[in-house]
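Note: the block below is upload-v6.cif and it holds mmCIF, N, CA and C atoms.
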```
data_upload
loop_
_atom_site.label_atom_id
_atom_site.label_comp_id
_atom_site.auth_asym_id
_atom_site.auth_seq_id
_atom_site.Cartn_x
_atom_site.Cartn_y
_atom_site.Cartn_z
N MET A 92 206.07 75.73 82.94
CA MET A 92 206.86 76.47 83.88
C MET A 92 207.75 77.41 83.08
N SER A 93 207.78 78.65 83.45
CA SER A 93 208.67 79.59 82.80
C SER A 93 209.25 80.52 83.84
N ALA A 94 210.49 80.93 83.59
CA ALA A 94 211.16 81.82 84.52
C ALA A 94 212.28 82.55 83.79
N GLU A 95 212.67 83.69 84.31
CA GLU A 95 213.78 84.44 83.76
C GLU A 95 214.99 84.17 84.62
N ILE A 96 216.07 83.74 84.00
CA ILE A 96 217.28 83.39 84.73
C ILE A 96 218.38 84.37 84.33
N ILE A 97 218.91 85.07 85.32
CA ILE A 97 219.96 86.06 85.07
C ILE A 97 221.31 85.36 85.13
N GLY A 98 222.20 85.68 84.19
CA GLY A 98 223.53 85.08 84.16
C GLY A 98 223.57 83.75 83.44
N LEU A 99 222.52 83.42 82.74
CA LEU A 99 222.44 82.14 82.06
C LEU A 99 223.38 82.06 80.86
N GLU A 100 223.73 83.20 80.29
CA GLU A 100 224.60 83.21 79.11
C GLU A 100 225.94 82.54 79.39
N ALA A 101 226.52 82.80 80.54
CA ALA A 101 227.81 82.21 80.90
C ALA A 101 227.70 80.69 81.03
N ILE A 102 226.61 80.23 81.62
CA ILE A 102 226.40 78.79 81.77
C ILE A 102 226.25 78.14 80.40
N ILE A 103 225.48 78.76 79.52
CA ILE A 103 225.26 78.22 78.18
C ILE A 103 226.58 78.16 77.40
N ALA A 104 227.39 79.18 77.55
CA ALA A 104 228.69 79.19 76.85
C ALA A 104 229.56 78.03 77.33
N LYS A 105 229.59 77.78 78.63
CA LYS A 105 230.38 76.66 79.16
C LYS A 105 229.81 75.33 78.69
N LEU A 106 228.49 75.21 78.67
CA LEU A 106 227.86 73.97 78.19
C LEU A 106 228.21 73.71 76.73
N ASN A 107 228.17 74.74 75.92
CA ASN A 107 228.48 74.59 74.50
C ASN A 107 229.93 74.20 74.26
N ALA A 108 230.80 74.52 75.20
CA ALA A 108 232.21 74.17 75.07
C ALA A 108 232.47 72.70 75.40
N LEU A 109 231.53 72.04 76.04
CA LEU A 109 231.70 70.63 76.41
C LEU A 109 231.40 69.72 75.22
N PRO A 110 231.97 68.52 75.23
CA PRO A 110 231.58 67.53 74.21
C PRO A 110 230.08 67.22 74.36
N ASP A 111 229.44 66.88 73.25
CA ASP A 111 227.98 66.66 73.25
C ASP A 111 227.52 65.63 74.28
N LYS A 112 228.25 64.51 74.38
CA LYS A 112 227.84 63.46 75.33
C LYS A 112 227.87 63.98 76.77
N LEU A 113 228.92 64.70 77.11
CA LEU A 113 229.06 65.23 78.47
C LEU A 113 228.00 66.29 78.73
N GLU A 114 227.74 67.13 77.74
CA GLU A 114 226.71 68.16 77.88
C GLU A 114 225.36 67.52 78.18
N LYS A 115 225.01 66.50 77.42
CA LYS A 115 223.72 65.82 77.60
C LYS A 115 223.66 65.16 78.98
N LYS A 116 224.77 64.56 79.40
CA LYS A 116 224.82 63.89 80.71
C LYS A 116 224.62 64.89 81.85
N VAL A 117 225.28 66.03 81.75
CA VAL A 117 225.17 67.07 82.78
C VAL A 117 223.74 67.59 82.85
N LEU A 118 223.16 67.91 81.69
CA LEU A 118 221.79 68.44 81.66
C LEU A 118 220.78 67.41 82.15
N ARG A 119 220.90 66.17 81.68
CA ARG A 119 219.95 65.13 82.08
C ARG A 119 219.97 64.90 83.59
N ALA A 120 221.15 64.85 84.17
CA ALA A 120 221.27 64.62 85.62
C ALA A 120 220.66 65.79 86.40
N ALA A 121 220.88 67.01 85.94
CA ALA A 121 220.35 68.18 86.65
C ALA A 121 218.83 68.23 86.55
N VAL A 122 218.29 67.96 85.37
CA VAL A 122 216.83 68.01 85.19
C VAL A 122 216.17 66.87 85.97
N ARG A 123 216.78 65.69 86.00
CA ARG A 123 216.23 64.58 86.79
C ARG A 123 216.18 64.95 88.27
N LYS A 124 217.24 65.59 88.75
CA LYS A 124 217.29 66.00 90.15
C LYS A 124 216.13 66.97 90.46
N GLY A 125 215.86 67.90 89.55
CA GLY A 125 214.73 68.81 89.73
C GLY A 125 213.39 68.09 89.68
N ALA A 126 213.25 67.14 88.76
CA ALA A 126 212.00 66.38 88.65
C ALA A 126 211.76 65.56 89.92
N ASN A 127 212.82 65.04 90.50
CA ASN A 127 212.67 64.25 91.74
C ASN A 127 212.17 65.08 92.91
N ILE A 128 212.45 66.38 92.90
CA ILE A 128 211.92 67.26 93.95
C ILE A 128 210.40 67.29 93.85
N ILE A 129 209.88 67.45 92.65
CA ILE A 129 208.42 67.47 92.46
C ILE A 129 207.84 66.12 92.84
N ARG A 130 208.48 65.03 92.41
CA ARG A 130 208.01 63.68 92.75
C ARG A 130 207.89 63.50 94.27
N ASP A 131 208.93 63.90 95.00
CA ASP A 131 208.91 63.74 96.45
C ASP A 131 207.82 64.57 97.12
N LYS A 132 207.62 65.80 96.63
CA LYS A 132 206.55 66.63 97.18
C LYS A 132 205.19 66.03 96.89
N ALA A 133 205.00 65.53 95.67
CA ALA A 133 203.72 64.91 95.31
C ALA A 133 203.44 63.72 96.21
N ARG A 134 204.45 62.91 96.47
CA ARG A 134 204.27 61.76 97.37
C ARG A 134 203.83 62.23 98.76
N SER A 135 204.40 63.33 99.21
CA SER A 135 204.06 63.81 100.56
C SER A 135 202.65 64.40 100.62
N TYR A 136 202.10 64.81 99.46
CA TYR A 136 200.77 65.43 99.43
C TYR A 136 199.63 64.45 99.17
N VAL A 137 199.95 63.18 98.88
CA VAL A 137 198.87 62.22 98.66
C VAL A 137 198.03 62.16 99.93
N PRO A 138 196.70 62.36 99.80
CA PRO A 138 195.86 62.51 101.00
C PRO A 138 195.52 61.23 101.74
N TYR A 139 195.85 60.08 101.18
CA TYR A 139 195.49 58.82 101.84
C TYR A 139 196.75 58.04 102.18
N ASP A 140 196.70 57.27 103.25
CA ASP A 140 197.89 56.57 103.74
C ASP A 140 198.01 55.12 103.30
N SER A 141 197.31 54.70 102.25
CA SER A 141 197.41 53.31 101.83
C SER A 141 198.83 52.97 101.40
N GLY A 142 199.56 53.96 100.90
CA GLY A 142 200.95 53.76 100.52
C GLY A 142 201.15 53.39 99.07
N GLU A 143 200.20 52.73 98.46
CA GLU A 143 200.37 52.29 97.07
C GLU A 143 200.46 53.48 96.11
N LEU A 144 199.60 54.46 96.28
CA LEU A 144 199.63 55.62 95.40
C LEU A 144 200.93 56.40 95.61
N LYS A 145 201.34 56.57 96.86
CA LYS A 145 202.59 57.28 97.15
C LYS A 145 203.77 56.59 96.48
N LYS A 146 203.86 55.27 96.64
CA LYS A 146 204.98 54.51 96.07
C LYS A 146 204.95 54.53 94.55
N SER A 147 203.77 54.68 93.98
CA SER A 147 203.65 54.56 92.53
C SER A 147 204.09 55.83 91.78
N ILE A 148 204.24 56.95 92.47
CA ILE A 148 204.62 58.19 91.79
C ILE A 148 206.10 58.11 91.45
N THR A 149 206.38 58.13 90.14
CA THR A 149 207.75 57.94 89.67
C THR A 149 208.16 59.04 88.70
N THR A 150 209.46 59.10 88.48
CA THR A 150 210.04 60.01 87.51
C THR A 150 210.64 59.16 86.40
N SER A 151 210.28 59.45 85.15
CA SER A 151 210.85 58.72 84.03
C SER A 151 211.15 59.69 82.89
N SER A 152 212.21 59.37 82.14
CA SER A 152 212.57 60.26 81.04
C SER A 152 211.61 60.07 79.87
N ILE A 153 211.46 61.14 79.09
CA ILE A 153 210.55 61.15 77.95
C ILE A 153 211.39 61.35 76.69
N LYS A 154 211.08 60.62 75.65
CA LYS A 154 211.70 60.92 74.36
C LYS A 154 211.04 62.17 73.83
N ALA A 155 211.81 63.23 73.76
CA ALA A 155 211.28 64.52 73.31
C ALA A 155 211.97 64.92 72.02
N LYS A 156 211.64 66.11 71.57
CA LYS A 156 212.30 66.64 70.37
C LYS A 156 213.80 66.68 70.57
N ARG A 157 214.51 66.65 69.49
CA ARG A 157 215.97 66.71 69.53
C ARG A 157 216.42 67.96 70.31
N GLY A 158 217.31 67.76 71.27
CA GLY A 158 217.84 68.86 72.04
C GLY A 158 217.00 69.21 73.27
N VAL A 159 215.91 68.46 73.50
CA VAL A 159 215.05 68.72 74.65
C VAL A 159 215.18 67.57 75.63
N ILE A 160 215.38 67.89 76.89
CA ILE A 160 215.44 66.88 77.93
C ILE A 160 214.21 67.06 78.81
N ALA A 161 213.41 66.01 78.93
CA ALA A 161 212.16 66.11 79.67
C ALA A 161 211.93 64.85 80.51
N PHE A 162 211.20 65.03 81.60
CA PHE A 162 210.85 63.92 82.47
C PHE A 162 209.36 63.95 82.77
N ASN A 163 208.80 62.79 82.97
CA ASN A 163 207.39 62.62 83.28
C ASN A 163 207.28 62.21 84.75
N ILE A 164 206.45 62.89 85.50
CA ILE A 164 206.25 62.56 86.91
C ILE A 164 204.78 62.17 87.05
N ARG A 165 204.52 60.90 87.38
CA ARG A 165 203.13 60.46 87.45
C ARG A 165 203.02 59.15 88.22
N PRO A 166 201.80 58.83 88.66
CA PRO A 166 201.57 57.51 89.26
C PRO A 166 201.61 56.45 88.17
N ARG A 167 202.29 55.34 88.44
CA ARG A 167 202.39 54.25 87.47
C ARG A 167 201.96 52.94 88.11
N ASN A 168 201.23 52.15 87.36
CA ASN A 168 200.82 50.83 87.83
C ASN A 168 202.05 49.94 87.96
N ASN A 169 202.01 49.03 88.93
CA ASN A 169 203.09 48.06 89.10
C ASN A 169 202.53 46.69 88.72
N LYS A 170 202.74 46.29 87.48
CA LYS A 170 202.18 45.04 86.98
C LYS A 170 202.80 43.83 87.66
N LYS A 171 204.08 43.91 88.02
CA LYS A 171 204.76 42.79 88.68
C LYS A 171 204.09 42.45 90.00
N ARG A 172 203.71 43.47 90.74
CA ARG A 172 203.07 43.25 92.04
C ARG A 172 201.55 43.22 91.94
N GLY A 173 201.02 43.45 90.75
CA GLY A 173 199.57 43.43 90.56
C GLY A 173 198.88 44.63 91.18
N VAL A 174 199.57 45.76 91.23
CA VAL A 174 199.03 46.97 91.84
C VAL A 174 198.61 47.95 90.75
N SER A 175 197.36 48.39 90.83
CA SER A 175 196.85 49.38 89.89
C SER A 175 196.49 50.64 90.66
N VAL A 176 196.91 51.78 90.15
CA VAL A 176 196.62 53.06 90.82
C VAL A 176 195.82 53.97 89.90
N PHE A 177 194.91 53.37 89.14
CA PHE A 177 194.07 54.14 88.22
C PHE A 177 193.28 55.21 88.95
N TYR A 178 193.03 54.99 90.23
CA TYR A 178 192.22 55.91 91.03
C TYR A 178 192.95 57.21 91.35
N GLY A 179 194.25 57.27 91.08
CA GLY A 179 195.02 58.48 91.36
C GLY A 179 194.45 59.71 90.68
N ARG A 180 193.98 59.55 89.45
CA ARG A 180 193.40 60.69 88.73
C ARG A 180 192.08 61.13 89.36
N PHE A 181 191.34 60.19 89.95
CA PHE A 181 190.08 60.55 90.60
C PHE A 181 190.34 61.38 91.85
N ILE A 182 191.41 61.05 92.56
CA ILE A 182 191.78 61.82 93.75
C ILE A 182 192.25 63.22 93.33
N GLU A 183 193.07 63.29 92.29
CA GLU A 183 193.61 64.57 91.83
C GLU A 183 192.52 65.50 91.32
N TYR A 184 191.62 64.99 90.48
CA TYR A 184 190.63 65.84 89.81
C TYR A 184 189.22 65.74 90.39
N GLY A 185 188.95 64.73 91.21
CA GLY A 185 187.61 64.53 91.75
C GLY A 185 186.71 63.82 90.76
N THR A 186 185.51 63.50 91.20
CA THR A 186 184.50 62.87 90.36
C THR A 186 183.17 63.56 90.63
N SER A 187 182.12 63.06 90.03
CA SER A 187 180.80 63.64 90.28
C SER A 187 180.34 63.38 91.72
N LYS A 188 180.94 62.37 92.36
CA LYS A 188 180.55 62.02 93.72
C LYS A 188 181.61 62.31 94.78
N MET A 189 182.77 62.80 94.33
CA MET A 189 183.87 63.03 95.26
C MET A 189 184.60 64.32 94.88
N SER A 190 184.89 65.15 95.85
CA SER A 190 185.61 66.39 95.55
C SER A 190 187.09 66.09 95.30
N ALA A 191 187.73 66.95 94.57
CA ALA A 191 189.15 66.79 94.24
C ALA A 191 190.02 67.02 95.47
N LYS A 192 191.08 66.24 95.57
CA LYS A 192 192.10 66.42 96.60
C LYS A 192 193.46 66.38 95.90
N PRO A 193 193.78 67.48 95.21
CA PRO A 193 194.99 67.49 94.37
C PRO A 193 196.26 67.24 95.17
N TYR A 194 197.17 66.52 94.56
CA TYR A 194 198.49 66.28 95.14
C TYR A 194 199.60 66.55 94.12
N MET A 195 199.34 66.36 92.84
CA MET A 195 200.36 66.60 91.82
C MET A 195 200.53 68.10 91.53
N ARG A 196 199.43 68.78 91.27
CA ARG A 196 199.52 70.21 90.91
C ARG A 196 200.09 71.06 92.04
N PRO A 197 199.65 70.86 93.29
CA PRO A 197 200.25 71.65 94.37
C PRO A 197 201.75 71.37 94.53
N ALA A 198 202.16 70.13 94.29
CA ALA A 198 203.58 69.79 94.39
C ALA A 198 204.38 70.58 93.35
N TYR A 199 203.86 70.62 92.13
CA TYR A 199 204.53 71.38 91.06
C TYR A 199 204.57 72.86 91.39
N ASP A 200 203.42 73.41 91.79
CA ASP A 200 203.35 74.85 92.08
C ASP A 200 204.31 75.25 93.20
N GLU A 201 204.37 74.44 94.24
CA GLU A 201 205.21 74.78 95.38
C GLU A 201 206.70 74.60 95.08
N ALA A 202 207.04 73.62 94.25
CA ALA A 202 208.45 73.29 94.02
C ALA A 202 209.06 74.04 92.85
N GLU A 203 208.28 74.78 92.10
CA GLU A 203 208.75 75.39 90.86
C GLU A 203 210.06 76.16 91.03
N ASN A 204 210.13 77.08 91.97
CA ASN A 204 211.34 77.89 92.17
C ASN A 204 212.50 77.04 92.69
N GLN A 205 212.20 76.11 93.58
CA GLN A 205 213.24 75.24 94.13
C GLN A 205 213.84 74.36 93.02
N VAL A 206 212.99 73.90 92.11
CA VAL A 206 213.46 73.08 90.99
C VAL A 206 214.41 73.89 90.11
N LEU A 207 214.03 75.11 89.76
CA LEU A 207 214.88 75.95 88.93
C LEU A 207 216.24 76.19 89.59
N GLU A 208 216.22 76.52 90.86
CA GLU A 208 217.47 76.76 91.59
C GLU A 208 218.33 75.50 91.62
N THR A 209 217.71 74.37 91.88
CA THR A 209 218.45 73.10 91.95
C THR A 209 219.07 72.75 90.62
N VAL A 210 218.31 72.88 89.55
CA VAL A 210 218.82 72.56 88.22
C VAL A 210 219.99 73.47 87.86
N ILE A 211 219.84 74.76 88.07
CA ILE A 211 220.90 75.71 87.75
C ILE A 211 222.15 75.45 88.59
N ASN A 212 221.97 75.27 89.89
CA ASN A 212 223.12 75.03 90.77
C ASN A 212 223.83 73.72 90.42
N ASP A 213 223.05 72.70 90.09
CA ASP A 213 223.63 71.41 89.74
C ASP A 213 224.43 71.51 88.44
N ILE A 214 223.89 72.24 87.47
CA ILE A 214 224.62 72.43 86.22
C ILE A 214 225.92 73.19 86.47
N LYS A 215 225.86 74.26 87.27
CA LYS A 215 227.06 75.04 87.58
C LYS A 215 228.12 74.14 88.24
N LEU A 216 227.70 73.34 89.21
CA LEU A 216 228.62 72.48 89.95
C LEU A 216 229.26 71.45 89.02
N LYS A 217 228.46 70.83 88.18
CA LYS A 217 228.99 69.81 87.26
C LYS A 217 229.89 70.44 86.19
N LEU A 218 229.57 71.66 85.78
CA LEU A 218 230.43 72.34 84.81
C LEU A 218 231.78 72.68 85.42
N GLU A 219 231.77 73.11 86.68
CA GLU A 219 233.03 73.40 87.36
C GLU A 219 233.88 72.15 87.48
N GLU A 220 233.23 71.02 87.82
CA GLU A 220 233.95 69.74 87.93
C GLU A 220 234.51 69.32 86.59
N ALA A 221 233.74 69.51 85.53
CA ALA A 221 234.14 69.05 84.20
C ALA A 221 235.24 69.91 83.58
N THR A 222 235.27 71.19 83.93
CA THR A 222 236.24 72.10 83.33
C THR A 222 237.53 72.24 84.15
N VAL A 223 237.56 71.65 85.32
CA VAL A 223 238.76 71.74 86.17
C VAL A 223 239.73 70.66 85.82
#
```

Could you render the structure as structure tokens?
Amino acid sequence: MSAEIIGLEAIIAKLNALPDKLEKKVLRAAVRKGANIIRDKARSYVPYDSGELKKSITTSSIKAKRGVIAFNIRPRNNKKRGVSVFYGRFIEYGTSKMSAKPYMRPAYDEAENQVLETVINDIKLKLEEATV
């Protein structure tokens, strides 16, 4: 995902003025909020009503390079309940015997602009709270 954001310099300057821990907390919360938008859309696009695949789509943080905050949005097996959703990839991409019924990619494509706006607005709001 890439986009051009106008007025970002002022936000970056305010972020750099914050203590490192607070900066990381503000950014992580904003990016998680954006990732949850994609997660919720993906859940709504799952083509079958069994419920297990919908419930299994989660957002989790990823250990990334230093200074990078990233989240993974994907179906996850629930070992405690004995639920496996390995078939989620077959629904998304199809098989030789079944056509694809994507739910993850359309969720990302549709939510891209909304995610950017949410992340930026959330950062602005938290920066205003932190600097007041």

Resolved residues for the PyMOL selection byres (((chain A and resi 131-138 and name CA) around 10) and name CA) as a PyMOL selection string:
chain A and resi 126-130+139-142+144-150+164-166+179+182-183+192-199+201-202

Given all atoms listed in the file as the basis, pick out the residue of A:Lys188, A:Arg172, A:Lys217, A:Lys156 nearest to Val117 of chain A.
A:Lys217

When you look at Leu118 of chain A with a cut-off of 9 Å (counting only C-alpha atoms), what residues show up, excluding the ones that are within fewer than 2 positions of it in the same chain? I need them as a list of chain:residue names.
A:Leu106, A:Leu113, A:Glu114, A:Lys115, A:Lys116, A:Ala120, A:Ala121, A:Val122, A:Arg123, A:Ile160, A:Val210, A:Asp213, A:Ile214

Figure out the distance between atom CA of Ala191 of chain A and atom N of Ala161 of chain A, please, to one decimal in Å.
28.7 Å

For the structure I just gave you, how does DSSP split segment 135-211 of chain A - specifically, which residues are helix (DSSP H, G or I)? Reply as a PyMOL selection string.
chain A and resi 135-136+143-147+179-184+195-211

Sel. of strand (DSSP E) residues, segment 146-213 of chain A, as a VMD selection string
chain A and resid 148 to 153 161 to 166

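Across the structure, atom CA of Ile153 of chain A and atom CA of Arg119 of chain A are spaced 11.0 Å apart.
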
Give me, please, the distance in Å between atom C of Val176 of chain A and atom N of Glu143 of chain A, quoted to one decimal.
9.7 Å

Find the residue from A:Gly173, A:Phe162, A:Arg180, A:Gly125 that sits nearest to Glu208 of chain A; use all atoms listed in the file when measuring.
A:Gly125
